[in-house]
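> Structure file run.cif, mmCIF, C-alpha atoms (C1' of nucleotides), is pasted below:
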```
data_query
#
loop_
_atom_site.label_atom_id
_atom_site.label_comp_id
_atom_site.auth_asym_id
_atom_site.auth_seq_id
_atom_site.Cartn_x
_atom_site.Cartn_y
_atom_site.Cartn_z
CA MET A 1095 -8.93 44.98 45.14
CA ASN A 1096 -9.76 41.35 45.67
CA SER A 1097 -9.55 39.76 42.32
CA ARG A 1098 -12.18 37.36 41.17
CA GLN A 1099 -12.01 33.94 42.60
CA PRO A 1100 -13.45 30.60 41.64
CA ALA A 1101 -17.05 30.30 42.62
CA SER A 1102 -16.28 27.66 45.18
CA GLU A 1103 -14.17 29.98 47.26
CA GLN A 1104 -16.30 33.02 46.84
CA LEU A 1105 -18.26 32.28 49.94
CA VAL A 1106 -15.38 33.57 51.93
CA ILE A 1107 -16.16 37.10 50.87
CA GLY A 1108 -18.00 38.41 53.85
CA GLY A 1109 -19.34 35.72 56.03
CA ASP A 1110 -16.39 33.45 56.35
CA ILE A 1111 -18.20 30.40 57.42
CA GLU A 1112 -16.25 27.35 58.07
CA SER A 1113 -12.72 28.54 57.86
CA GLU A 1114 -11.63 28.62 61.47
CA SER A 1115 -12.98 27.88 64.87
CA LYS A 1116 -15.49 30.35 66.09
CA LEU A 1117 -16.37 30.96 69.67
CA ARG A 1118 -19.69 30.80 71.41
CA LEU A 1119 -22.02 33.71 70.85
CA GLY A 1120 -23.78 33.62 74.19
CA GLU A 1121 -26.70 36.00 74.50
CA LEU A 1122 -26.07 37.23 70.99
CA GLN A 1123 -27.95 34.18 69.75
CA ASN A 1124 -31.18 35.76 70.87
CA HIS A 1125 -30.79 38.99 68.95
CA LEU A 1126 -32.35 39.31 65.55
CA GLY A 1127 -30.23 42.38 64.87
CA TYR A 1128 -27.02 40.40 65.02
CA PHE A 1129 -28.17 37.88 62.44
CA LEU A 1130 -29.67 40.53 60.22
CA ARG A 1131 -26.47 42.47 60.25
CA ARG A 1132 -24.34 39.44 59.59
CA LEU A 1133 -26.15 38.47 56.44
CA GLN A 1134 -26.60 42.03 55.30
CA VAL A 1135 -22.85 42.62 55.40
CA TRP A 1136 -22.25 39.51 53.37
CA VAL A 1137 -24.86 40.53 50.81
CA PHE A 1138 -23.58 44.07 50.46
CA GLN A 1139 -20.01 42.92 50.08
CA ASP A 1140 -21.03 40.57 47.33
CA PHE A 1141 -23.00 43.37 45.70
CA ILE A 1142 -20.00 45.67 45.72
CA ALA A 1143 -17.71 42.94 44.40
CA THR A 1144 -20.11 41.86 41.67
CA LEU A 1145 -20.73 45.42 40.54
CA SER A 1146 -17.13 46.51 40.87
CA SER A 1147 -16.85 47.05 37.14
CA ALA A 1148 -19.69 49.55 37.38
CA ASN A 1149 -18.18 51.05 40.51
CA LEU A 1150 -21.60 51.42 42.09
CA ARG A 1151 -22.52 51.12 45.73
CA PRO A 1152 -25.83 49.77 46.98
CA ALA A 1153 -27.17 53.16 48.00
CA GLN A 1154 -26.46 54.63 44.58
CA TYR A 1155 -28.09 51.64 42.94
CA SER A 1156 -31.22 52.07 45.02
CA VAL A 1157 -31.41 55.74 44.10
CA LEU A 1158 -31.10 54.98 40.39
CA LEU A 1159 -33.85 52.38 40.58
CA VAL A 1160 -36.25 54.62 42.44
CA ILE A 1161 -35.65 57.47 40.03
CA ALA A 1162 -36.18 55.09 37.12
CA ALA A 1163 -39.46 53.88 38.61
CA ASN A 1164 -40.66 57.39 39.47
CA PRO A 1165 -39.42 59.90 36.92
CA GLY A 1166 -40.01 63.56 37.62
CA GLN A 1167 -39.95 63.28 41.38
CA SER A 1168 -38.07 65.57 43.73
CA GLN A 1169 -35.02 64.84 45.83
CA SER A 1170 -37.04 64.99 49.00
CA ALA A 1171 -39.44 62.35 47.69
CA ILE A 1172 -36.57 60.03 46.82
CA GLY A 1173 -34.95 60.58 50.16
CA ARG A 1174 -38.16 59.93 52.01
CA THR A 1175 -38.69 56.68 50.14
CA LEU A 1176 -35.22 55.33 50.75
CA ASN A 1177 -34.59 56.90 54.11
CA ILE A 1178 -31.62 58.85 52.89
CA GLU A 1179 -30.96 62.17 54.55
CA ARG A 1180 -31.31 65.10 52.22
CA ALA A 1181 -27.79 66.41 52.63
CA ARG A 1182 -26.36 63.04 51.79
CA LEU A 1183 -28.71 62.53 48.87
CA ALA A 1184 -27.86 65.93 47.42
CA ARG A 1185 -24.19 65.01 47.24
CA MET A 1186 -24.93 61.60 45.83
CA LEU A 1187 -27.10 63.08 43.09
CA HIS A 1188 -24.38 65.52 42.15
CA GLU A 1189 -22.13 62.55 41.54
CA LEU A 1190 -24.72 60.75 39.45
CA GLU A 1191 -25.31 63.91 37.48
CA ALA A 1192 -21.59 64.32 36.90
CA HIS A 1193 -21.61 60.76 35.55
CA GLY A 1194 -24.24 61.91 33.08
CA TRP A 1195 -26.73 59.38 34.38
CA ILE A 1196 -29.44 61.63 35.75
CA SER A 1197 -30.91 64.99 34.84
CA ARG A 1198 -32.20 67.56 37.26
CA ARG A 1199 -34.60 69.96 35.60
CA PRO A 1200 -36.44 72.68 37.45
CA SER A 1201 -39.75 71.42 38.64
CA GLY A 1202 -42.71 73.22 37.16
CA LYS A 1203 -44.66 73.13 40.35
CA ASP A 1204 -42.12 74.08 42.95
CA ALA A 1205 -39.26 76.39 42.13
CA ARG A 1206 -37.24 75.07 45.03
CA SER A 1207 -37.00 71.55 43.76
CA TYR A 1208 -35.83 69.58 40.77
CA ALA A 1209 -37.55 66.95 38.69
CA LEU A 1210 -35.21 63.99 38.59
CA ALA A 1211 -34.98 61.56 35.73
CA LEU A 1212 -32.54 59.21 34.09
CA THR A 1213 -30.79 60.45 30.99
CA ALA A 1214 -30.65 58.27 27.91
CA GLU A 1215 -27.13 57.42 28.90
CA GLY A 1216 -28.33 56.65 32.39
CA LYS A 1217 -30.93 54.24 31.11
CA LYS A 1218 -28.34 52.49 29.03
CA ALA A 1219 -25.96 52.26 31.97
CA LEU A 1220 -28.76 51.04 34.21
CA ALA A 1221 -29.55 48.18 31.88
CA LYS A 1222 -26.07 46.82 32.33
CA ILE A 1223 -26.11 47.58 36.04
CA VAL A 1224 -29.36 45.74 36.56
CA SER A 1225 -27.99 42.71 34.82
CA LEU A 1226 -24.96 42.74 37.13
CA ALA A 1227 -27.28 43.17 40.08
CA GLN A 1228 -29.21 40.12 38.99
CA GLU A 1229 -25.98 38.22 38.85
CA HIS A 1230 -25.36 39.36 42.40
CA GLU A 1231 -28.81 38.23 43.42
CA ALA A 1232 -28.01 34.83 41.97
CA HIS A 1233 -25.02 34.66 44.30
CA VAL A 1234 -27.31 35.47 47.18
CA SER A 1235 -29.65 32.73 46.10
CA GLU A 1236 -26.77 30.30 45.91
CA PHE A 1237 -25.52 31.26 49.32
CA VAL A 1238 -28.83 31.43 51.13
CA GLY A 1239 -30.85 28.96 49.12
CA GLU A 1240 -33.56 30.16 46.79
CA ASP A 1241 -36.39 28.93 48.98
CA ARG A 1242 -34.98 30.67 52.01
CA ARG A 1243 -34.25 33.80 50.00
CA LEU A 1244 -37.89 34.03 48.96
CA LYS A 1245 -39.12 33.35 52.47
CA LEU A 1246 -36.88 36.05 53.84
CA ILE A 1247 -38.02 38.61 51.30
CA GLU A 1248 -41.61 37.84 52.07
CA LEU A 1249 -41.04 38.15 55.79
CA LEU A 1250 -39.03 41.34 55.51
CA ARG A 1251 -41.09 43.14 52.93
CA GLN A 1252 -43.97 43.80 55.22
CA PHE A 1253 -42.54 46.54 57.39
CA GLY A 1254 -41.13 49.73 55.91
CA MET B 872 -50.86 36.78 51.42
CA ASN B 873 -48.05 38.03 49.28
CA SER B 874 -50.47 39.17 46.63
CA ARG B 875 -51.85 42.11 48.46
CA GLN B 876 -51.53 44.17 45.34
CA PRO B 877 -50.43 43.84 41.74
CA ALA B 878 -46.69 43.71 41.37
CA SER B 879 -46.39 47.07 39.72
CA GLU B 880 -48.64 49.12 41.92
CA GLN B 881 -46.83 48.79 45.14
CA LEU B 882 -47.22 51.97 47.15
CA VAL B 883 -47.07 52.62 50.82
CA ILE B 884 -45.24 49.74 52.43
CA GLY B 885 -46.40 49.97 55.92
CA GLY B 886 -45.57 52.88 58.13
CA ASP B 887 -42.11 53.78 59.02
CA ILE B 888 -42.40 56.35 61.71
CA GLU B 889 -44.31 59.00 59.89
CA SER B 890 -46.15 57.49 57.01
CA GLU B 891 -45.44 60.04 54.32
CA SER B 892 -46.04 59.09 50.75
CA LYS B 893 -43.40 56.77 49.45
CA LEU B 894 -42.59 56.09 45.86
CA ARG B 895 -42.41 52.85 43.95
CA LEU B 896 -39.31 50.75 44.52
CA GLY B 897 -39.10 49.15 41.11
CA GLU B 898 -36.46 46.47 40.78
CA LEU B 899 -35.43 47.00 44.37
CA GLN B 900 -38.33 44.78 45.34
CA ASN B 901 -36.40 41.78 44.15
CA HIS B 902 -33.32 42.35 46.25
CA LEU B 903 -33.00 40.64 49.57
CA GLY B 904 -30.19 43.00 50.51
CA TYR B 905 -32.45 46.02 50.42
CA PHE B 906 -34.96 44.52 52.80
CA LEU B 907 -32.29 43.14 55.09
CA ARG B 908 -30.64 46.51 55.29
CA ARG B 909 -33.89 48.33 55.90
CA LEU B 910 -34.83 46.27 58.91
CA GLN B 911 -31.29 46.10 60.20
CA VAL B 912 -31.07 49.87 60.31
CA TRP B 913 -34.32 50.08 62.21
CA VAL B 914 -33.18 47.46 64.69
CA PHE B 915 -29.78 49.05 65.28
CA GLN B 916 -31.30 52.46 65.76
CA ASP B 917 -33.65 51.09 68.35
CA PHE B 918 -30.74 49.31 70.01
CA ILE B 919 -28.73 52.51 70.24
CA ALA B 920 -31.70 54.47 71.53
CA THR B 921 -32.70 51.85 74.09
CA LEU B 922 -29.15 51.51 75.36
CA SER B 923 -28.39 55.22 75.25
CA SER B 924 -28.04 55.36 79.02
CA ALA B 925 -25.28 52.76 78.78
CA ASN B 926 -23.77 54.56 75.80
CA LEU B 927 -23.03 51.28 74.08
CA ARG B 928 -23.07 50.49 70.40
CA PRO B 929 -24.06 47.15 68.92
CA ALA B 930 -20.51 46.16 68.03
CA GLN B 931 -19.29 46.84 71.56
CA TYR B 932 -22.18 44.89 72.95
CA SER B 933 -21.38 41.91 70.77
CA VAL B 934 -17.75 41.99 71.88
CA LEU B 935 -18.71 42.05 75.55
CA LEU B 936 -21.04 39.11 75.10
CA VAL B 937 -18.53 36.99 73.26
CA ILE B 938 -15.84 37.71 75.84
CA ALA B 939 -18.31 36.85 78.59
CA ALA B 940 -19.16 33.56 76.90
CA ASN B 941 -15.51 32.70 76.17
CA PRO B 942 -13.25 34.03 78.90
CA GLY B 943 -9.52 33.79 78.35
CA GLN B 944 -9.64 33.99 74.59
CA SER B 945 -7.43 36.17 72.43
CA GLN B 946 -8.30 39.24 70.44
CA SER B 947 -7.86 37.40 67.20
CA ALA B 948 -10.32 34.71 68.25
CA ILE B 949 -12.91 37.34 69.15
CA GLY B 950 -12.34 39.16 65.91
CA ARG B 951 -12.65 35.98 63.88
CA THR B 952 -15.90 35.11 65.57
CA LEU B 953 -17.51 38.49 65.04
CA ASN B 954 -15.85 39.42 61.80
CA ILE B 955 -14.23 42.49 63.26
CA GLU B 956 -10.91 43.49 61.79
CA ARG B 957 -8.07 43.27 64.24
CA ALA B 958 -7.05 46.91 64.07
CA ARG B 959 -10.56 48.00 64.79
CA LEU B 960 -11.01 45.48 67.59
CA ALA B 961 -7.76 46.54 69.24
CA ARG B 962 -8.99 50.11 69.54
CA MET B 963 -12.40 49.00 70.74
CA LEU B 964 -10.85 46.84 73.44
CA HIS B 965 -8.71 49.71 74.62
CA GLU B 966 -11.88 51.67 75.20
CA LEU B 967 -13.56 48.84 77.05
CA GLU B 968 -10.44 48.41 79.15
CA ALA B 969 -10.39 52.13 79.92
CA HIS B 970 -13.99 51.76 81.09
CA GLY B 971 -12.75 49.13 83.47
CA TRP B 972 -14.98 46.49 81.94
CA ILE B 973 -12.45 44.05 80.57
CA SER B 974 -9.01 42.83 81.58
CA ARG B 975 -6.23 41.88 79.23
CA ARG B 976 -3.71 39.61 80.89
CA PRO B 977 -0.77 38.08 79.09
CA SER B 978 -1.72 34.73 77.70
CA GLY B 979 0.26 31.84 79.15
CA LYS B 980 0.45 30.03 75.87
CA ASP B 981 1.31 32.76 73.42
CA ALA B 982 3.37 35.72 74.46
CA ARG B 983 2.02 37.79 71.59
CA SER B 984 -1.57 37.71 72.71
CA TYR B 985 -3.76 38.59 75.65
CA ALA B 986 -6.31 36.57 77.53
CA LEU B 987 -9.46 38.65 77.61
CA ALA B 988 -12.04 38.54 80.36
CA LEU B 989 -14.66 40.67 81.99
CA THR B 990 -13.71 42.38 85.22
CA ALA B 991 -16.05 42.19 88.19
CA GLU B 992 -17.16 45.67 87.30
CA GLY B 993 -17.64 44.57 83.73
CA LYS B 994 -19.89 41.73 84.77
CA LYS B 995 -21.95 44.05 86.87
CA ALA B 996 -22.26 46.53 84.02
CA LEU B 997 -23.12 43.75 81.61
CA ALA B 998 -26.00 42.57 83.76
CA LYS B 999 -27.65 45.94 83.39
CA ILE B 1000 -26.72 46.15 79.74
CA VAL B 1001 -28.23 42.77 78.97
CA SER B 1002 -31.46 43.78 80.61
CA LEU B 1003 -31.59 46.91 78.45
CA ALA B 1004 -30.82 44.77 75.42
CA GLN B 1005 -33.72 42.52 76.28
CA GLU B 1006 -35.91 45.55 76.46
CA HIS B 1007 -34.68 46.43 73.00
CA GLU B 1008 -35.42 42.95 71.76
CA ALA B 1009 -38.94 43.35 73.07
CA HIS B 1010 -39.29 46.43 70.88
CA VAL B 1011 -38.14 44.36 67.93
CA SER B 1012 -40.68 41.73 68.76
CA GLU B 1013 -43.39 44.35 68.96
CA PHE B 1014 -42.38 45.87 65.66
CA VAL B 1015 -41.82 42.67 63.72
CA GLY B 1016 -44.17 40.33 65.48
CA GLU B 1017 -42.84 37.62 67.77
CA ASP B 1018 -43.69 34.82 65.38
CA ARG B 1019 -41.95 36.54 62.52
CA ARG B 1020 -39.00 37.45 64.71
CA LEU B 1021 -38.48 33.80 65.60
CA LYS B 1022 -38.87 32.68 62.02
CA LEU B 1023 -36.34 35.22 60.89
CA ILE B 1024 -33.80 34.22 63.50
CA GLU B 1025 -34.20 30.61 62.54
CA LEU B 1026 -33.77 31.39 58.86
CA LEU B 1027 -30.80 33.66 59.40
CA ARG B 1028 -28.95 31.65 62.01
CA GLN B 1029 -27.88 28.95 59.62
CA PHE B 1030 -25.16 30.78 57.79
CA GLY B 1031 -22.37 32.47 59.70
"C1'" DG C 945 18.66 24.95 65.54
"C1'" DA C 946 18.69 28.76 62.16
"C1'" DA C 947 16.32 31.05 58.56
"C1'" DA C 948 12.09 32.05 56.41
"C1'" DG C 949 7.55 32.79 56.92
"C1'" DA C 950 3.15 33.49 59.46
"C1'" DA C 951 0.40 35.28 63.22
"C1'" DT C 952 -0.70 38.81 66.97
"C1'" DG C 953 -1.50 43.19 68.42
"C1'" DT C 954 -0.46 48.16 67.60
"C1'" DT C 955 -0.59 52.63 65.38
"C1'" DG C 956 -1.25 55.70 61.30
"C1'" DT C 957 -3.95 57.11 57.61
"C1'" DC C 958 -7.67 57.44 54.16
"C1'" DA C 959 -12.41 57.14 52.25
"C1'" DT C 960 -17.20 56.54 53.24
"C1'" DT C 961 -21.08 57.27 55.95
"C1'" DG C 962 -24.68 59.37 59.11
"C1'" DA C 963 -25.86 63.21 61.62
"C1'" DC C 964 -26.58 67.80 62.38
"C1'" DA C 965 -26.32 72.93 61.86
"C1'" DA C 966 -26.63 77.00 59.08
"C1'" DC C 967 -28.03 79.15 54.96
"C1'" DA C 968 -30.68 81.09 50.65
"C1'" DA C 969 -34.59 80.60 48.06
"C1'" DT C 970 -39.22 79.56 47.70
"C1'" DA C 971 -44.01 77.81 49.55
"C1'" DT C 972 -47.48 77.68 52.88
"C1'" DT C 973 -50.17 79.19 56.68
"C1'" DC C 974 -52.28 82.44 59.53
"C1'" DG D 1154 -48.14 90.68 54.68
"C1'" DA D 1155 -45.66 88.32 58.38
"C1'" DA D 1156 -44.42 84.19 60.40
"C1'" DT D 1157 -43.28 79.56 59.55
"C1'" DA D 1158 -42.07 75.45 56.88
"C1'" DT D 1159 -39.85 73.09 53.13
"C1'" DT D 1160 -36.21 72.27 49.53
"C1'" DG D 1161 -31.75 71.86 48.33
"C1'" DT D 1162 -26.96 73.23 49.47
"C1'" DT D 1163 -22.60 73.37 51.95
"C1'" DG D 1164 -19.70 72.74 56.15
"C1'" DT D 1165 -18.28 70.00 59.80
"C1'" DC D 1166 -17.84 66.16 63.20
"C1'" DA D 1167 -17.78 61.41 64.84
"C1'" DA D 1168 -17.91 56.57 63.78
"C1'" DT D 1169 -16.62 52.96 60.77
"C1'" DG D 1170 -14.08 49.84 57.50
"C1'" DA D 1171 -10.04 49.12 55.07
"C1'" DC D 1172 -5.39 48.80 54.51
"C1'" DA D 1173 -0.38 49.38 55.24
"C1'" DA D 1174 3.63 49.28 58.18
"C1'" DC D 1175 5.73 47.77 62.26
"C1'" DA D 1176 7.69 45.05 66.47
"C1'" DT D 1177 7.21 40.97 68.74
"C1'" DT D 1178 6.60 36.25 68.99
"C1'" DC D 1179 5.33 31.67 67.15
"C1'" DT D 1180 5.72 27.95 63.48
"C1'" DT D 1181 7.52 25.73 59.58
"C1'" DT D 1182 11.16 24.20 56.80
"C1'" DC D 1183 15.49 22.82 55.81
#
```
Now, as a test, write the supplied structure out as structure tokens.


Amino acid sequence: MNSRQPASEQLVIGGDIESESKLRLGELQNHLGYFLRRLQVWVFQDFIATLSSANLRPAQYSVLLVIAANPGQSQSAIGRTLNIERARLARMLHELEAHGWISRRPSGKDARSYALALTAEGKKALAKIVSLAQEHEAHVSEFVGEDRRLKLIELLRQFG
Amino acid sequence: MNSRQPASEQLVIGGDIESESKLRLGELQNHLGYFLRRLQVWVFQDFIATLSSANLRPAQYSVLLVIAANPGQSQSAIGRTLNIERARLARMLHELEAHGWISRRPSGKDARSYALALTAEGKKALAKIVSLAQEHEAHVSEFVGEDRRLKLIELLRQFG
DNA sequence: GAAAGAATGTTGTCATTGACAACAATATTC
DNA sequence: GAATATTGTTGTCAATGACAACATTCTTTC
């Protein structure tokens, strides 16, 4: 897709800040949702670009991390945590399993559900993925400013 | 106040709608994108629900507002401002035109483009829509806290 | 001022996503 | 034990983002 560019031009990825004249936003200025969405799109696009070699989307990344932090849990528990609908999560997990990154063993306690965990291969892959994700987060810090990034996380963390 | 609990033992992060047990987030805690996305989804869902009687999605709302604030502008100018791809915007505008809310008259200056504006009917509809959107924003304020909402807008406004 | 290139708006198509319904198997509740 | 709920699965639909191709109309370059 879009090949890598020098760092100085990378800001154009999602936000496109100063390139051309933008119009007045009117009432939109008063809506938190608009600003949230705007930055979120930029961040996700950078995530996808930075992790393009791993071919991993943000939702998949979040699932891998939550499985890693909570081995043995069921699909429904993962879905509840990340607000992913169970049908969608089922399909996503099938992909991750096909990649050889997660295992789904029958749960001892509930015969309907599986105990999810990373495979050895999954852990190895995740190590590289996390390092790419940290690189992405450094881009975010560069774009937003580290102080502002921390303030935002603190403000946003508090509601689930 | 950020040290409510040890870094590793982070459990229930505030109630979503039904506070079921949620798992640990692991590395995800360090990613601004995750938190941005989480709140943005909540906000957009409330927007859609609150404006369900108008049957208007956030993107359409933003287009109406920017047209209202900049009458006579072209599709490409609107799209540039809101980061909406021109193919997608074209289809959206056809819908809004079919609703009778916007007019597209040939631009005097450039025969390729249209001068967009709200119709009288569109302005009337927008008045009601804006009042619903303010109701939505009040929900956001209630959920997030008005102080935090203002802080967030101020922090987020600066890039875009 | 003609040719080459860029921009505008349009339509077609594809992949991803979110939402919801139906289903089989198993748990839970009464 | 019967009714009900939950878990995971598959099917389907609508909305979205992305991209390519196209006709029309500027704009640039020579």

> Which residues, named as in the file, does the PyMOL selection byres ((chain B and resi 1015-1030) around 10) pick out? Answer as JSON, numbers by chain.

{"A": [1109, 1110, 1111, 1112, 1123, 1124, 1125, 1126, 1127, 1128, 1129, 1130, 1131, 1132, 1133, 1237, 1238, 1242, 1243, 1245, 1246, 1249, 1250, 1252, 1253], "B": [910, 914, 1008, 1009, 1010, 1011, 1012, 1013, 1014, 1031]}

> Report as a list in words all protein, DNA and RNA residues lying within 12 Å of DT1180 of chain D, evaluated on only C-alpha atoms (C1' of nucleotides), omitting residues in the same chain fewer than 5 positions from it.

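Here the qualifying residues turn out to be Asp981 of chain B; DA948, DG949, DA950 and DA951 of chain C.
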
> Given identical sequences, can you show me chain A least-squares superposed on chain B via all its Cα atoms in order, as a compact mmCIF listing (two decimals) with C-alpha atoms, in the frame of the given file?


```txt
# COMPACT_ATOMS: atom_id res chain seq x y z
CA MET A 1095 -33.00 62.00 67.54
CA ASN A 1096 -36.31 60.52 66.54
CA SER A 1097 -38.38 60.47 69.62
CA ARG A 1098 -40.41 57.46 70.51
CA GLN A 1099 -43.57 56.99 68.61
CA PRO A 1100 -46.70 54.98 69.14
CA ALA A 1101 -46.21 51.38 68.25
CA SER A 1102 -48.55 51.64 65.32
CA GLU A 1103 -46.37 54.12 63.52
CA GLN A 1104 -43.09 52.57 64.43
CA LEU A 1105 -43.02 50.49 61.33
CA VAL A 1106 -41.98 53.54 59.44
CA ILE A 1107 -38.56 53.42 61.01
CA GLY A 1108 -36.53 51.82 58.31
CA GLY A 1109 -38.60 50.00 55.82
CA ASP A 1110 -41.29 52.49 55.08
CA ILE A 1111 -43.78 50.15 53.66
CA GLU A 1112 -47.00 51.51 52.52
CA SER A 1113 -46.50 55.20 52.78
CA GLU A 1114 -46.10 56.25 49.18
CA SER A 1115 -46.09 54.77 45.76
CA LYS A 1116 -43.06 52.73 44.98
CA LEU A 1117 -41.79 51.95 41.55
CA ARG A 1118 -41.11 48.64 39.92
CA LEU A 1119 -37.94 46.88 40.96
CA GLY A 1120 -37.24 45.11 37.70
CA GLU A 1121 -34.36 42.66 37.83
CA LEU A 1122 -33.78 43.53 41.45
CA GLN A 1123 -36.59 41.14 42.32
CA ASN A 1124 -34.32 38.24 41.54
CA HIS A 1125 -31.52 39.22 43.88
CA LEU A 1126 -31.42 37.78 47.34
CA GLY A 1127 -28.91 40.42 48.37
CA TYR A 1128 -31.38 43.22 47.84
CA PHE A 1129 -34.00 41.65 50.08
CA LEU A 1130 -31.48 40.67 52.70
CA ARG A 1131 -30.15 44.17 52.83
CA ARG A 1132 -33.57 45.72 52.99
CA LEU A 1133 -34.65 43.79 56.03
CA GLN A 1134 -31.27 44.00 57.67
CA VAL A 1135 -31.35 47.80 57.53
CA TRP A 1136 -34.77 47.84 59.08
CA VAL A 1137 -33.69 45.48 61.84
CA PHE A 1138 -30.52 47.38 62.64
CA GLN A 1139 -32.33 50.69 62.74
CA ASP A 1140 -34.83 49.28 65.16
CA PHE A 1141 -31.99 47.86 67.24
CA ILE A 1142 -30.28 51.23 67.44
CA ALA A 1143 -33.53 53.00 68.28
CA THR A 1144 -34.55 50.47 70.91
CA LEU A 1145 -31.14 50.51 72.55
CA SER A 1146 -30.67 54.24 72.26
CA SER A 1147 -30.73 54.65 76.02
CA ALA A 1148 -27.76 52.30 76.22
CA ASN A 1149 -26.12 54.03 73.29
CA LEU A 1150 -24.92 50.72 71.89
CA ARG A 1151 -24.52 49.74 68.28
CA PRO A 1152 -25.07 46.23 66.96
CA ALA A 1153 -21.39 45.51 66.47
CA GLN A 1154 -20.57 46.50 70.04
CA TYR A 1155 -23.43 44.37 71.30
CA SER A 1156 -22.16 41.36 69.41
CA VAL A 1157 -18.68 41.84 70.84
CA LEU A 1158 -20.01 42.04 74.39
CA LEU A 1159 -22.03 38.86 73.93
CA VAL A 1160 -19.15 36.89 72.49
CA ILE A 1161 -16.83 38.02 75.25
CA ALA A 1162 -19.47 37.09 77.82
CA ALA A 1163 -19.85 33.63 76.28
CA ASN A 1164 -16.10 33.08 75.96
CA PRO A 1165 -14.24 34.77 78.80
CA GLY A 1166 -10.47 34.85 78.64
CA GLN A 1167 -10.22 34.83 74.88
CA SER A 1168 -7.98 37.07 72.81
CA GLN A 1169 -8.93 39.92 70.53
CA SER A 1170 -7.97 37.94 67.48
CA ALA A 1171 -10.30 35.11 68.48
CA ILE A 1172 -13.20 37.52 68.92
CA GLY A 1173 -12.47 39.18 65.64
CA ARG A 1174 -12.26 35.90 63.83
CA THR A 1175 -15.60 34.80 65.24
CA LEU A 1176 -17.45 37.97 64.33
CA ASN A 1177 -15.55 38.84 61.20
CA ILE A 1178 -14.35 42.13 62.58
CA GLU A 1179 -11.00 43.36 61.38
CA ARG A 1180 -8.42 43.57 64.11
CA ALA A 1181 -7.71 47.26 63.77
CA ARG A 1182 -11.37 48.06 64.08
CA LEU A 1183 -11.86 45.68 66.98
CA ALA A 1184 -8.91 47.15 68.86
CA ARG A 1185 -10.49 50.59 68.79
CA MET A 1186 -13.88 49.26 69.73
CA LEU A 1187 -12.45 47.41 72.72
CA HIS A 1188 -10.69 50.54 73.90
CA GLU A 1189 -14.07 52.22 74.01
CA LEU A 1190 -15.66 49.36 75.92
CA GLU A 1191 -12.77 49.37 78.33
CA ALA A 1192 -13.11 53.11 78.83
CA HIS A 1193 -16.77 52.45 79.67
CA GLY A 1194 -15.54 50.10 82.37
CA TRP A 1195 -17.37 47.18 80.81
CA ILE A 1196 -14.50 44.91 79.86
CA SER A 1197 -11.10 44.08 81.28
CA ARG A 1198 -8.02 43.25 79.29
CA ARG A 1199 -5.50 41.34 81.35
CA PRO A 1200 -2.26 40.01 79.97
CA SER A 1201 -2.72 36.51 78.72
CA GLY A 1202 -0.66 33.94 80.54
CA LYS A 1203 0.06 31.98 77.44
CA ASP A 1204 0.91 34.63 74.91
CA ALA A 1205 2.53 37.87 75.95
CA ARG A 1206 1.31 39.59 72.83
CA SER A 1207 -2.35 39.20 73.58
CA TYR A 1208 -4.90 40.02 76.22
CA ALA A 1209 -7.46 37.87 77.97
CA LEU A 1210 -10.77 39.64 77.58
CA ALA A 1211 -13.59 39.45 80.06
CA LEU A 1212 -16.54 41.44 81.27
CA THR A 1213 -16.10 43.41 84.45
CA ALA A 1214 -18.69 43.17 87.19
CA GLU A 1215 -20.00 46.47 85.97
CA GLY A 1216 -20.03 45.13 82.45
CA LYS A 1217 -22.10 42.15 83.47
CA LYS A 1218 -24.56 44.39 85.19
CA ALA A 1219 -24.79 46.67 82.17
CA LEU A 1220 -25.15 43.68 79.88
CA ALA A 1221 -28.13 42.40 81.81
CA LYS A 1222 -30.01 45.57 81.05
CA ILE A 1223 -28.73 45.64 77.49
CA VAL A 1224 -29.87 42.11 76.83
CA SER A 1225 -33.31 42.92 78.08
CA LEU A 1226 -33.49 45.89 75.69
CA ALA A 1227 -32.23 43.66 72.91
CA GLN A 1228 -35.01 41.22 73.63
CA GLU A 1229 -37.46 44.06 73.39
CA HIS A 1230 -35.95 44.84 70.02
CA GLU A 1231 -36.29 41.24 68.97
CA ALA A 1232 -39.95 41.42 69.90
CA HIS A 1233 -40.31 44.31 67.47
CA VAL A 1234 -38.70 42.19 64.81
CA SER A 1235 -41.11 39.40 65.57
CA GLU A 1236 -44.01 41.79 65.32
CA PHE A 1237 -42.81 43.17 62.04
CA VAL A 1238 -41.79 39.93 60.39
CA GLY A 1239 -44.13 37.51 62.10
CA GLU A 1240 -42.81 35.08 64.66
CA ASP A 1241 -43.19 32.06 62.42
CA ARG A 1242 -41.31 33.74 59.62
CA ARG A 1243 -38.69 35.04 62.02
CA LEU A 1244 -37.97 31.51 63.20
CA LYS A 1245 -37.90 30.14 59.68
CA LEU A 1246 -35.48 32.82 58.62
CA ILE A 1247 -33.15 32.19 61.54
CA GLU A 1248 -33.15 28.51 60.79
CA LEU A 1249 -32.41 29.10 57.13
CA LEU A 1250 -29.70 31.65 57.79
CA ARG A 1251 -27.96 29.97 60.66
CA GLN A 1252 -26.47 27.24 58.59
CA PHE A 1253 -23.75 29.13 56.77
CA GLY A 1254 -21.10 31.10 58.64
```

> Check which residues of chain D sit at most 12 Å from chain A using only C-alpha atoms (C1' of nucleotides), and return one row each with the closest pair of atoms and their distance in Å to one decimal, ordered by chain and rising number, as CSV.


```
residue,atom,partner,partner_atom,distance
D:DT1159,C1',A:Arg1206,CA,8.7
D:DT1160,C1',A:Arg1206,CA,5.4
D:DG1161,C1',A:Ser1207,CA,7.0
D:DT1162,C1',A:Ala1181,CA,7.6
D:DT1163,C1',A:Ala1181,CA,8.7
D:DG1164,C1',A:Ala1181,CA,10.9
D:DG1170,C1',A:Val1135,CA,11.6
D:DA1171,C1',A:Met1095,CA,10.8
D:DC1172,C1',A:Met1095,CA,10.7
```
